[in-house]
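Listing of run-v7.txt, compact mmCIF, C-alpha atoms
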```txt
# COMPACT_ATOMS: atom_id res chain seq x y z
CA MET A 1248 53.75 124.96 -65.15
CA ILE A 1249 57.44 124.48 -64.52
CA LEU A 1250 60.08 126.72 -66.05
CA PRO A 1251 63.34 125.40 -67.54
CA GLY A 1252 66.61 125.81 -65.71
CA ASN A 1253 65.23 124.33 -62.49
CA ALA A 1254 67.13 122.14 -60.04
CA SER A 1255 65.70 118.72 -60.97
CA CYS A 1256 68.15 115.90 -61.77
CA GLN A 1257 68.67 114.70 -65.32
CA GLY A 1258 65.74 112.54 -66.42
CA CYS A 1259 63.63 113.55 -63.38
CA PRO A 1260 60.14 111.99 -63.37
CA ILE A 1261 58.81 114.63 -60.98
CA SER A 1262 59.49 117.47 -63.39
CA MET A 1263 57.82 115.40 -66.13
CA ALA A 1264 54.75 115.12 -63.92
CA MET A 1265 54.91 118.79 -62.88
CA ARG A 1266 54.77 119.83 -66.53
CA CYS A 1267 51.39 118.06 -66.77
CA LEU A 1268 49.92 120.48 -64.21
CA ASP A 1269 49.30 122.76 -67.20
CA VAL A 1270 45.99 120.97 -67.73
CA ILE A 1271 44.64 122.16 -64.36
CA LYS A 1272 43.05 125.61 -64.26
CA ASN A 1273 44.46 128.09 -61.73
CA PRO A 1274 46.50 125.64 -59.67
CA VAL A 1275 47.89 126.64 -56.28
CA LEU A 1276 50.53 124.25 -55.03
CA VAL A 1277 51.11 123.19 -51.45
CA ILE A 1278 54.42 121.34 -51.22
CA PRO A 1279 55.89 119.68 -48.12
CA ALA A 1280 59.65 119.04 -48.00
CA GLY A 1281 61.00 116.74 -50.66
CA CYS A 1282 62.53 116.75 -54.12
CA SER A 1283 59.59 118.85 -55.34
CA THR A 1284 60.58 121.60 -52.90
CA VAL A 1285 64.05 121.74 -54.39
CA ILE A 1286 62.70 121.73 -57.94
CA ALA A 1287 60.24 124.53 -57.12
CA GLY A 1288 63.23 126.74 -56.39
CA LEU A 1289 65.00 128.68 -53.68
CA HIS A 1290 63.73 132.09 -52.59
CA PRO A 1291 63.79 134.72 -54.18
CA LYS A 1292 63.50 132.60 -57.35
CA SER A 1293 60.77 130.15 -58.23
CA ALA A 1294 60.64 127.63 -61.05
CA MET A 1295 56.86 127.34 -60.88
CA LYS A 1296 54.43 129.50 -62.80
CA ALA A 1297 51.81 128.93 -60.07
CA PRO A 1298 51.75 130.13 -56.46
CA VAL A 1299 53.56 127.66 -54.18
CA VAL A 1300 53.21 127.35 -50.41
CA HIS A 1301 56.01 125.39 -48.77
CA VAL A 1302 54.77 123.61 -45.65
CA PRO A 1303 55.96 121.16 -42.96
CA PHE A 1304 54.99 117.52 -43.62
CA PRO A 1305 51.99 116.83 -41.39
CA SER A 1306 50.32 120.17 -42.07
CA THR A 1307 50.17 119.74 -45.85
CA LEU A 1308 46.52 118.82 -46.17
CA ALA A 1309 45.47 121.16 -43.36
CA VAL A 1310 47.03 124.10 -45.21
CA ALA A 1311 45.58 122.92 -48.52
CA CYS A 1312 42.10 122.61 -47.01
CA GLY A 1313 42.38 126.05 -45.38
CA LEU A 1314 43.49 127.66 -48.65
CA SER A 1315 40.74 125.99 -50.60
CA GLU A 1316 38.06 127.17 -48.15
CA ALA A 1317 39.52 130.68 -47.98
CA TYR A 1318 39.56 131.00 -51.78
CA LYS A 1319 35.91 130.00 -51.84
CA LYS A 1320 35.01 132.63 -49.25
CA LEU A 1321 36.92 135.27 -51.23
CA GLY A 1322 35.34 134.16 -54.48
CA VAL A 1323 38.71 133.36 -56.05
CA GLU A 1324 38.73 130.52 -58.55
CA ALA A 1325 41.56 128.18 -57.63
CA ASN A 1326 42.42 124.52 -57.69
CA VAL A 1327 44.49 123.76 -54.60
CA VAL A 1328 46.95 120.94 -55.28
CA ALA A 1329 48.76 119.25 -52.40
CA TRP A 1330 51.84 117.95 -54.22
CA MET A 1331 53.97 115.52 -52.26
CA GLY A 1332 56.29 112.57 -52.52
CA ASP A 1333 55.70 109.15 -51.03
CA GLY A 1334 57.84 110.18 -48.04
CA ALA A 1335 55.60 113.12 -47.19
CA ALA A 1336 52.59 110.85 -47.66
CA ASP A 1337 54.10 108.51 -45.03
CA ILE A 1338 54.95 111.27 -42.59
CA GLY A 1339 51.79 113.29 -43.12
CA PHE A 1340 49.50 110.30 -43.45
CA ALA A 1341 47.22 111.20 -40.53
CA GLY A 1342 46.45 114.55 -42.14
CA LEU A 1343 46.01 112.98 -45.55
CA SER A 1344 43.61 110.36 -44.27
CA ALA A 1345 41.62 112.91 -42.25
CA SER A 1346 41.37 115.22 -45.24
CA ALA A 1347 40.10 112.38 -47.44
CA ALA A 1348 37.55 111.42 -44.80
CA ARG A 1349 36.35 115.05 -44.56
CA ARG A 1350 36.18 115.19 -48.37
CA ASP A 1351 38.10 118.46 -48.47
CA ASP A 1352 37.96 120.20 -51.83
CA VAL A 1353 41.61 119.63 -52.83
CA ILE A 1354 43.62 117.63 -55.32
CA THR A 1355 46.34 115.51 -53.75
CA VAL A 1356 49.12 114.31 -56.00
CA VAL A 1357 51.67 111.83 -54.72
CA VAL A 1358 54.70 111.39 -56.95
CA ASP A 1359 55.87 107.99 -55.82
CA ASN A 1360 59.56 107.29 -56.38
CA GLU A 1361 59.43 104.51 -53.79
CA ALA A 1362 61.88 105.98 -51.26
CA TYR A 1363 62.93 109.20 -49.52
CA MET A 1364 65.00 110.37 -52.48
CA ASN A 1365 65.67 113.95 -51.43
CA THR A 1366 67.54 112.87 -48.29
CA GLY A 1367 69.47 110.08 -50.01
CA THR A 1368 67.23 107.10 -50.76
CA GLN A 1369 65.99 105.85 -47.39
CA ALA A 1370 63.29 103.17 -47.55
CA SER A 1371 59.69 104.39 -47.33
CA LEU A 1372 56.45 102.48 -46.96
CA SER A 1373 56.17 102.54 -50.76
CA THR A 1374 59.54 100.89 -51.30
CA PHE A 1375 59.37 97.56 -53.10
CA TRP A 1376 60.05 94.39 -51.15
CA LYS A 1377 63.77 93.47 -51.50
CA ALA A 1378 64.73 96.85 -53.01
CA LYS A 1379 68.11 98.15 -51.88
CA THR A 1380 68.09 101.55 -50.20
CA THR A 1381 70.53 103.17 -47.78
CA THR A 1382 68.40 102.01 -44.83
CA SER A 1383 67.85 98.55 -46.30
CA PRO A 1384 71.27 97.75 -47.77
CA ALA A 1385 70.47 94.05 -48.15
CA GLY A 1386 67.00 94.70 -49.56
CA LYS A 1387 63.86 95.85 -47.76
CA THR A 1388 62.35 93.11 -45.63
CA GLU A 1389 58.82 94.50 -45.32
CA GLU A 1390 55.98 94.66 -47.78
CA ARG A 1391 55.06 97.92 -49.52
CA ARG A 1392 51.86 99.76 -48.78
CA ASN A 1393 49.26 100.40 -51.46
CA LEU A 1394 48.48 104.07 -50.80
CA SER A 1395 45.98 104.61 -53.62
CA LEU A 1396 43.92 101.65 -52.49
CA ILE A 1397 43.80 103.11 -48.97
CA MET A 1398 42.48 106.35 -50.48
CA LEU A 1399 39.88 104.36 -52.41
CA THR A 1400 38.60 102.85 -49.19
CA HIS A 1401 38.05 106.43 -47.94
CA LYS A 1402 35.53 106.64 -50.80
CA ALA A 1403 37.28 109.75 -52.07
CA ASP A 1404 35.55 111.48 -54.97
CA TYR A 1405 38.28 110.59 -57.41
CA VAL A 1406 41.24 108.25 -57.02
CA ALA A 1407 43.61 107.33 -59.83
CA THR A 1408 47.01 105.80 -60.35
CA ALA A 1409 49.15 107.06 -63.22
CA SER A 1410 52.68 106.76 -64.50
CA VAL A 1411 55.20 109.11 -66.10
CA GLY A 1412 55.64 106.41 -68.74
CA TYR A 1413 52.10 107.15 -69.94
CA ILE A 1414 52.05 110.94 -69.98
CA ARG A 1415 48.89 111.27 -72.05
CA ASP A 1416 47.00 109.05 -69.61
CA LEU A 1417 48.41 111.11 -66.72
CA ARG A 1418 47.34 114.39 -68.33
CA LYS A 1419 43.85 113.02 -68.90
CA LYS A 1420 43.53 112.04 -65.25
CA LEU A 1421 44.85 115.39 -64.00
CA ARG A 1422 42.45 117.22 -66.30
CA LYS A 1423 39.55 115.14 -65.05
CA ALA A 1424 40.55 115.78 -61.43
CA GLY A 1425 40.86 119.51 -62.14
CA GLU A 1426 37.34 119.68 -63.49
CA MET A 1427 35.78 117.90 -60.51
CA ALA A 1428 35.13 119.01 -56.95
CA GLY A 1429 35.80 117.16 -53.72
CA PHE A 1430 38.76 115.11 -52.54
CA ARG A 1431 40.76 113.95 -55.53
CA PHE A 1432 43.83 111.77 -55.28
CA ILE A 1433 46.34 110.89 -57.99
CA HIS A 1434 49.18 108.49 -57.34
CA ILE A 1435 51.94 108.84 -59.94
CA HIS A 1436 54.61 106.19 -60.39
CA ALA A 1437 57.90 108.06 -60.76
CA PRO A 1438 61.04 105.98 -61.45
CA CYS A 1439 64.02 107.93 -60.08
CA PRO A 1440 67.32 107.47 -62.00
CA PRO A 1441 69.77 108.19 -59.14
CA GLY A 1442 67.67 106.48 -56.46
CA TRP A 1443 66.84 103.33 -58.38
CA ARG A 1444 70.24 103.38 -60.05
CA PHE A 1445 69.51 103.31 -63.75
CA PRO A 1446 70.74 105.69 -66.50
CA SER A 1447 68.84 108.99 -66.76
CA GLU A 1448 67.52 108.33 -70.29
CA LYS A 1449 65.64 105.21 -69.09
CA THR A 1450 63.05 106.97 -66.90
CA VAL A 1451 60.19 106.48 -69.35
CA GLU A 1452 61.27 102.99 -70.31
CA VAL A 1453 61.43 101.82 -66.67
CA ALA A 1454 58.04 103.42 -65.94
CA ARG A 1455 56.50 101.64 -68.91
CA LYS A 1456 58.08 98.32 -68.00
CA ALA A 1457 56.58 98.62 -64.51
CA VAL A 1458 53.14 98.80 -66.10
CA MET A 1459 53.86 96.20 -68.77
CA SER A 1460 55.10 93.67 -66.22
CA GLY A 1461 52.07 94.27 -64.00
CA ALA A 1462 54.11 95.73 -61.13
CA TRP A 1463 52.26 99.08 -61.37
CA ILE A 1464 48.54 98.95 -62.08
CA LEU A 1465 46.84 101.85 -63.87
CA TRP A 1466 43.30 102.38 -62.63
CA GLU A 1467 40.85 105.06 -61.69
CA TYR A 1468 37.89 105.31 -59.36
CA ASP A 1469 35.07 107.85 -59.55
CA GLY A 1470 32.43 105.88 -57.72
CA LYS A 1471 33.33 102.82 -59.72
CA LEU A 1472 36.75 101.23 -60.14
CA ARG A 1473 38.00 100.82 -63.71
CA LEU A 1474 41.29 99.74 -65.19
CA SER A 1475 42.74 102.46 -67.44
CA LYS A 1476 42.89 101.85 -71.20
CA ALA A 1477 46.68 102.25 -71.27
CA GLY A 1478 47.27 99.34 -68.93
CA GLU A 1479 44.16 97.17 -68.88
CA LYS A 1480 45.55 94.43 -71.08
CA TYR A 1481 48.18 93.60 -68.45
CA ALA A 1482 45.42 92.21 -66.24
CA LEU A 1483 45.93 89.06 -68.29
CA LYS A 1484 49.15 87.43 -67.29
CA GLU A 1485 50.08 86.29 -70.81
CA ASN A 1486 50.18 89.92 -72.01
CA ARG A 1487 52.79 90.93 -69.44
CA ILE A 1488 56.51 91.17 -70.17
CA PRO A 1489 58.80 89.08 -67.94
CA LEU A 1490 59.19 90.75 -64.55
CA ALA A 1491 62.99 90.40 -64.77
CA GLU A 1492 62.89 93.01 -67.58
CA TYR A 1493 61.49 95.59 -65.15
CA LEU A 1494 63.83 94.60 -62.35
CA LYS A 1495 66.94 95.56 -64.35
CA GLN A 1496 67.76 98.38 -61.94
CA GLY A 1497 70.68 98.87 -59.59
CA ARG A 1498 68.46 98.42 -56.54
CA PHE A 1499 67.36 94.92 -57.67
CA LEU A 1500 70.62 93.48 -59.03
CA HIS A 1501 71.05 91.20 -56.01
CA LEU A 1502 67.73 89.36 -56.53
CA SER A 1503 67.78 85.59 -56.96
CA GLU A 1504 65.48 83.64 -59.28
CA ARG A 1505 63.48 82.67 -56.22
CA ASP A 1506 63.03 86.30 -55.14
CA ILE A 1507 61.76 87.21 -58.60
CA ARG A 1508 59.25 84.37 -58.53
CA GLU A 1509 58.13 85.53 -55.10
CA ILE A 1510 57.65 89.13 -56.34
CA GLU A 1511 55.70 87.77 -59.30
CA ARG A 1512 53.42 85.92 -56.91
CA LYS A 1513 52.90 89.10 -54.87
CA ILE A 1514 52.03 91.04 -58.03
CA ASP A 1515 49.41 88.44 -58.99
CA GLU A 1516 48.02 88.79 -55.48
CA ASP A 1517 47.89 92.62 -55.84
CA TRP A 1518 45.91 92.34 -59.08
CA GLU A 1519 43.49 89.88 -57.58
CA PHE A 1520 43.04 92.07 -54.50
CA LEU A 1521 42.44 95.23 -56.52
CA LEU A 1522 39.96 93.63 -58.91
CA ARG A 1523 37.79 92.59 -55.96
CA PHE A 1524 36.84 96.28 -55.69
CA SER A 1525 35.70 96.54 -59.30
CA MET B 591 51.47 146.10 -47.47
CA ASP B 592 54.44 145.50 -49.76
CA LEU B 593 54.86 141.73 -49.98
CA SER B 594 57.60 141.75 -52.61
CA PRO B 595 60.46 140.85 -50.22
CA ILE B 596 58.77 137.61 -49.19
CA LEU B 597 57.33 136.55 -52.54
CA SER B 598 59.50 134.53 -54.91
CA GLU B 599 59.62 135.48 -58.56
CA ALA B 600 58.85 132.88 -61.22
CA THR B 601 61.82 132.82 -63.53
CA VAL B 602 63.74 130.58 -65.89
CA ALA B 603 67.19 129.54 -64.67
CA SER B 604 66.11 129.32 -61.03
CA ALA B 605 69.02 126.90 -60.66
CA GLY B 606 71.23 128.59 -63.26
CA GLU B 607 71.91 127.75 -66.89
CA THR B 608 71.43 124.01 -66.56
CA GLY B 609 72.74 123.37 -70.08
CA SER B 610 76.20 123.36 -68.49
CA TRP B 611 75.32 120.07 -66.72
CA ARG B 612 75.15 118.28 -70.05
CA ASN B 613 77.61 115.54 -71.01
CA TYR B 614 75.75 114.46 -74.14
CA ARG B 615 74.03 116.76 -76.59
CA PRO B 616 70.84 115.55 -78.30
CA LEU B 617 70.94 116.23 -82.04
CA VAL B 618 67.74 115.98 -84.07
CA SER B 619 67.81 114.75 -87.64
CA SER B 620 65.32 116.87 -89.58
CA GLU B 621 65.09 114.12 -92.23
CA LEU B 622 63.94 111.45 -89.78
CA CYS B 623 61.85 113.62 -87.43
CA SER B 624 58.12 113.31 -88.08
CA LYS B 625 57.18 115.94 -85.47
CA CYS B 626 55.03 113.43 -83.61
CA GLY B 627 55.61 115.38 -80.41
CA ASN B 628 56.66 112.48 -78.17
CA CYS B 629 59.91 114.18 -77.14
CA ILE B 630 58.02 117.43 -76.55
CA VAL B 631 55.66 115.90 -73.99
CA TYR B 632 58.21 113.63 -72.31
CA CYS B 633 61.14 116.09 -72.03
CA PRO B 634 61.49 116.58 -68.24
CA GLU B 635 62.76 120.11 -68.77
CA GLY B 636 60.21 121.21 -71.33
CA VAL B 637 62.94 122.57 -73.60
CA ILE B 638 61.87 120.87 -76.84
CA PHE B 639 59.61 122.84 -79.17
CA GLU B 640 58.03 122.31 -82.54
CA GLY B 641 60.19 123.87 -85.24
CA VAL B 642 59.81 124.22 -88.99
CA ASP B 643 61.09 120.87 -90.34
CA SER B 644 61.76 119.12 -87.03
CA VAL B 645 61.72 119.77 -83.32
CA GLU B 646 64.07 122.33 -81.81
CA ILE B 647 65.94 122.08 -78.52
CA ASP B 648 66.86 124.94 -76.23
CA TYR B 649 70.45 124.00 -75.40
CA ARG B 650 70.71 126.74 -72.80
CA PHE B 651 68.72 124.57 -70.39
CA CYS B 652 68.80 121.01 -71.85
CA LYS B 653 70.45 118.85 -69.15
CA GLY B 654 71.25 116.07 -71.64
CA CYS B 655 69.32 113.30 -69.88
CA GLY B 656 68.56 111.48 -73.14
CA VAL B 657 64.88 110.79 -72.45
CA CYS B 658 64.03 112.33 -75.86
CA ARG B 659 66.17 109.80 -77.68
CA GLU B 660 64.50 106.91 -75.86
CA VAL B 661 60.92 108.02 -76.55
CA CYS B 662 61.57 108.88 -80.23
CA GLY B 663 59.79 106.36 -82.42
CA GLN B 664 61.68 107.50 -85.53
CA LYS B 665 65.15 107.19 -83.94
CA ALA B 666 65.71 110.76 -85.08
CA ILE B 667 67.65 111.90 -82.01
CA GLU B 668 71.28 111.07 -81.46
CA MET B 669 73.27 111.80 -78.31
CA VAL B 670 76.76 113.07 -79.09
CA PRO B 671 79.43 113.80 -76.44
CA GLU B 672 79.88 117.50 -75.73
```
Transcribe the structure of this file into structure tokens.
Amino acid sequence: MILPGNASCQGCPISMAMRCLDVIKNPVLVIPAGCSTVIAGLHPKSAMKAPVVHVPFPSTLAVACGLSEAYKKLGVEANVVAWMGDGAADIGFAGLSASAARRDDVITVVVDNEAYMNTGTQASLSTFWKAKTTTSPAGKTEERRNLSLIMLTHKADYVATASVGYIRDLRKKLRKAGEMAGFRFIHIHAPCPPGWRFPSEKTVEVARKAVMSGAWILWEYDGKLRLSKAGEKYALKENRIPLAEYLKQGRFLHLSERDIREIERKIDEDWEFLLRFS
Amino acid sequence: MDLSPILSEATVASAGETGSWRNYRPLVSSELCSKCGNCIVYCPEGVIFEGVDSVEIDYRFCKGCGVCREVCGQKAIEMVPE
């Protein structure tokens, strides 16, 4: 879906995820400001093989819903995809939540690189506790928000988390979402080399380590919550790799042993909390 | 109504020939490559294709990130300085 020679950084997880859009039939993208806007290209050129509508943050889901309804009226077959980063999900959250509650017929994809990367790595609500960003130079002091779980509590038709470290799992989830109707939400973990400060070739490795250490949980919900095959064994703590392996990123270099133990405790809590819904 | 002035055109090289960004060039060993396709699906640029004996890389747009080397199970890709 994305053509080479675009403006994404080296090792960009968003372009990896954008390539997977190929599995969706007739996608129409609605993109609020963010890295994805830059990657999609500057007028009069476009890097995307699908129609793209660039929109202001809070209107994303309103535009997506309007397009989806209009296509239906016109009898045009289209899958409207609201494609945003975690920053746009923060800023446009009211619209996102309302759209999920209305069960609009759109697919929402959030590529979560855990900060406002396009403007220079400011902390977002998705940013990890203690992660260094330009607005939290000593490490973020607040907890992160679990966006996909919030969408689950809207009883959306389909909610899934995915990771660019498990592309085949991601493609499967996108394909499934594309074949369904109703409000579909996919939350993609997207480790960002410049923002998280690791070398560009490590994108996939870092994404996999997040899953293997339990820090990112792969699951899907289509009326019933299930752990995904690719990551279900990490529900058992003895199968996980040491968390310190995942935290080998520039943004976490200042962590003490105590901080790591505290994060580990929070991760255990996250698993326990999620599995209550299953 | 002619909409062509306000519609963008889908094209390669929307940000130029990004191969010029590259510091390291991925080289594929056709002896080691098993054509499993891992590098093809993980390449952020989508510039790796299945070739005859191994995979082939479009160096016009390859940014040299090195993701292909990391995901290669056969260790068939080497990054050499440009």
- Message: Could you list, as a PyMOL selection string, every residue within 7 Å of segment 1258-1264 of chain A, counting all atoms listed in the file and ignoring same-chain residues fewer than 3 positions away?
- Response: (chain A and resi 1255+1267+1358+1411+1437-1440+1447-1448+1450) or (chain B and resi 632-635+655+657)
Using only C-alpha atoms, what does the table of chain A residues within 6 Å of chain B look like, with each row giving the shortest atom pair and its distance in Å to one decimal, sorted by chain and ascending number, as a Markdown table?
```
| residue | atom | partner | partner_atom | distance |
| --- | --- | --- | --- | --- |
| A:Leu1250 | CA | B:Val602 | CA | 5.3 |
| A:Pro1251 | CA | B:Val602 | CA | 5.5 |
| A:Gly1252 | CA | B:Ala603 | CA | 3.9 |
| A:Asn1253 | CA | B:Ala605 | CA | 4.9 |
| A:Ala1254 | CA | B:Ala605 | CA | 5.2 |
| A:Gln1257 | CA | B:Cys655 | CA | 4.8 |
| A:Gly1258 | CA | B:Cys655 | CA | 5.0 |
| A:Ser1262 | CA | B:Pro634 | CA | 5.3 |
| A:Met1263 | CA | B:Pro634 | CA | 4.4 |
| A:His1290 | CA | B:Ser598 | CA | 5.4 |
| A:Pro1291 | CA | B:Ser598 | CA | 4.4 |
| A:Lys1292 | CA | B:Glu599 | CA | 5.0 |
| A:Ser1293 | CA | B:Ala600 | CA | 4.5 |
| A:Ala1294 | CA | B:Ala600 | CA | 5.5 |
| A:Met1295 | CA | B:Ala600 | CA | 5.9 |
| A:Lys1296 | CA | B:Ala600 | CA | 5.8 |
| A:Ser1447 | CA | B:Cys655 | CA | 5.3 |
| A:Glu1448 | CA | B:Val657 | CA | 4.2 |
```
- Query: Any idea what's packed within 12 Å of segment 1345-1350 of chain A, counting all atoms listed in the file, ignoring anything in its chain fewer than 6 positions away? Could you give it as an MDAnalysis selection string?
  - Reply: chainID A and resid 1305:1313 1315 1329 1339 1395 1397:1406 1428:1432
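Applying the 9 Å criterion to (74.6, 110.3, -80.4) in file coordinates and using all atoms listed in the file, one obtains the residues B:Tyr614, B:Arg615, B:Pro616, B:Leu617, B:Arg659, B:Ile667, B:Glu668, B:Met669, B:Val670, B:Pro671.
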Export C-alpha atoms of the chosen residues as a PDB file, in the frame of the given file?
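Everything below was put into selection-v6.pdb:
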```pdb
ATOM      1  CA  TYR B 614      75.750 114.460 -74.140  1.00  0.00           C
ATOM      2  CA  ARG B 615      74.030 116.760 -76.590  1.00  0.00           C
ATOM      3  CA  PRO B 616      70.840 115.550 -78.300  1.00  0.00           C
ATOM      4  CA  LEU B 617      70.940 116.230 -82.040  1.00  0.00           C
ATOM      5  CA  ARG B 659      66.170 109.800 -77.680  1.00  0.00           C
ATOM      6  CA  ILE B 667      67.650 111.900 -82.010  1.00  0.00           C
ATOM      7  CA  GLU B 668      71.280 111.070 -81.460  1.00  0.00           C
ATOM      8  CA  MET B 669      73.270 111.800 -78.310  1.00  0.00           C
ATOM      9  CA  VAL B 670      76.760 113.070 -79.090  1.00  0.00           C
ATOM     10  CA  PRO B 671      79.430 113.800 -76.440  1.00  0.00           C
TER      11      PRO B 671
END
```
- Just give me the gap between atom CA of Gln664 of chain B and atom CA of Lys1495 of chain A in Å, one decimal is fine. 24.9 Å
Please report, as lines of an AutoDock Vina configuration file, the centre and edge lengths in Å to one decimal of an axis-aligned box covering all listed atoms of segment 659-667 of chain B with 3 Å per side.
```
center_x = 63.7
center_y = 109.1
center_z = -80.7
size_x = 13.9
size_y = 11.5
size_z = 15.7
```
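In this model, the gap between atom CA of Ala1454 of chain A and atom CA of Ser1410 of chain A comes to 6.5 Å.
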